[in-house]
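Student: Dropping a structure here in structure tokens format, bear with me for questions.
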Amino acid sequence: MNKITSYVLLGIAVVLLGFNLFIIDYSDVFGKETRGSLFGAIANLCVILVVFINLTSQKIKEKVKGSKD
């Protein structure tokens with residue numbers, strides 16, 4: 001996955017996270033109507049974490065590749 005794809009996925013995940021956080025009814029967080037938004041927000045946080053790990057691994061790979069040359 002290249003950097004542009006990572007940043008696009010990161011942007012989409014942040015927008016969807018904001019949407020899901022907006023939909024959650026904070027007076028009844030674990031209710032049936034907000035459960036989907038809560039799971040969606042957690043899933044988006046996981047996507048953001050995986051994309052950051054991928055970007056960090058790409059930076060490390062570039063540094064290692066540059067030091068070998």
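Each chain in the structure tokens gets a letter, A, B and so on, in the order shown; residues start at 1 in every chain, and ligands are counted from 1 in the order they appear.
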What's around Phe52 in chain A at 12 Å? Count only C-alpha atoms, leave out sequence neighbours fewer than 6 positions away in its own chain, and write the answer as a short mmCIF file (atom, residue, chain, number, x, y, z; two decimals) with N, CA and C atoms, in the first residue's frame.

Tutor:
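File produced: selection.cif:
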data_model
loop_
_atom_site.label_atom_id
_atom_site.label_comp_id
_atom_site.auth_asym_id
_atom_site.auth_seq_id
_atom_site.Cartn_x
_atom_site.Cartn_y
_atom_site.Cartn_z
N LYS A 3 1.77 5.49 -0.09
CA LYS A 3 1.43 6.57 0.84
C LYS A 3 0.11 7.26 0.48
N SER A 6 -2.71 5.20 1.68
CA SER A 6 -2.79 5.26 3.13
C SER A 6 -3.45 6.54 3.61
N TYR A 7 -3.05 7.66 3.01
CA TYR A 7 -3.64 8.93 3.41
C TYR A 7 -5.12 9.04 3.02
N LEU A 9 -7.22 6.44 2.82
CA LEU A 9 -7.91 5.60 3.81
C LEU A 9 -7.99 6.29 5.17
N LEU A 10 -6.93 6.97 5.54
CA LEU A 10 -6.91 7.70 6.80
C LEU A 10 -7.97 8.81 6.81
N GLY A 11 -8.07 9.53 5.71
CA GLY A 11 -9.07 10.59 5.62
C GLY A 11 -10.49 10.06 5.68
N ALA A 13 -11.44 7.24 7.05
CA ALA A 13 -11.68 6.71 8.40
C ALA A 13 -11.96 7.84 9.39
N LEU A 45 -11.46 3.48 14.53
CA LEU A 45 -10.25 3.67 15.33
C LEU A 45 -9.22 2.59 15.02
N CYS A 46 -9.68 1.37 14.80
CA CYS A 46 -8.77 0.28 14.42
C CYS A 46 -8.14 0.54 13.06
N GLN A 58 6.56 1.89 6.61
CA GLN A 58 7.09 2.38 5.34
C GLN A 58 8.27 3.32 5.57
N LYS A 59 8.16 4.19 6.58
CA LYS A 59 9.27 5.10 6.89
C LYS A 59 10.50 4.32 7.34
#

Student: Mind checking which residues fall within 10 Å of range 25-42 of chain A, counting only C-alpha atoms, ignoring those fewer than 6 positions away in the same chain, and posting them as a list in words?

Tutor: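 These residues fall inside the cut-off: Ala13, Val14, Leu16, Leu17, Gly18, Phe19 and Ile48 of chain A.
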
Student: Pick out each residue of chain A that DSSP on the backbone tags as alpha helix (DSSP H); I need them as number ranges by chain.

Tutor: A: 3-23, 35-68

Student: In Å, rounded to a single decimal, give me how far CA of Ile4 in chain A is from CA of Thr56 in chain A.

Tutor: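 So the answer is 14.0 Å.
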
Student: Would you compute the distance between CA of Val8 in chain A and CA of Ser57 in chain A? Give it in Å to one decimal.

Tutor: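 CA of Val8 in chain A sits 17.3 Å away from CA of Ser57 in chain A.
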
Student: Between CA of Val51 in chain A and CA of Ile12 in chain A, what is the spacing in Å?

Tutor: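 Result for CA of Ile12 in chain A versus CA of Val51 in chain A: 11.4 Å, one decimal.
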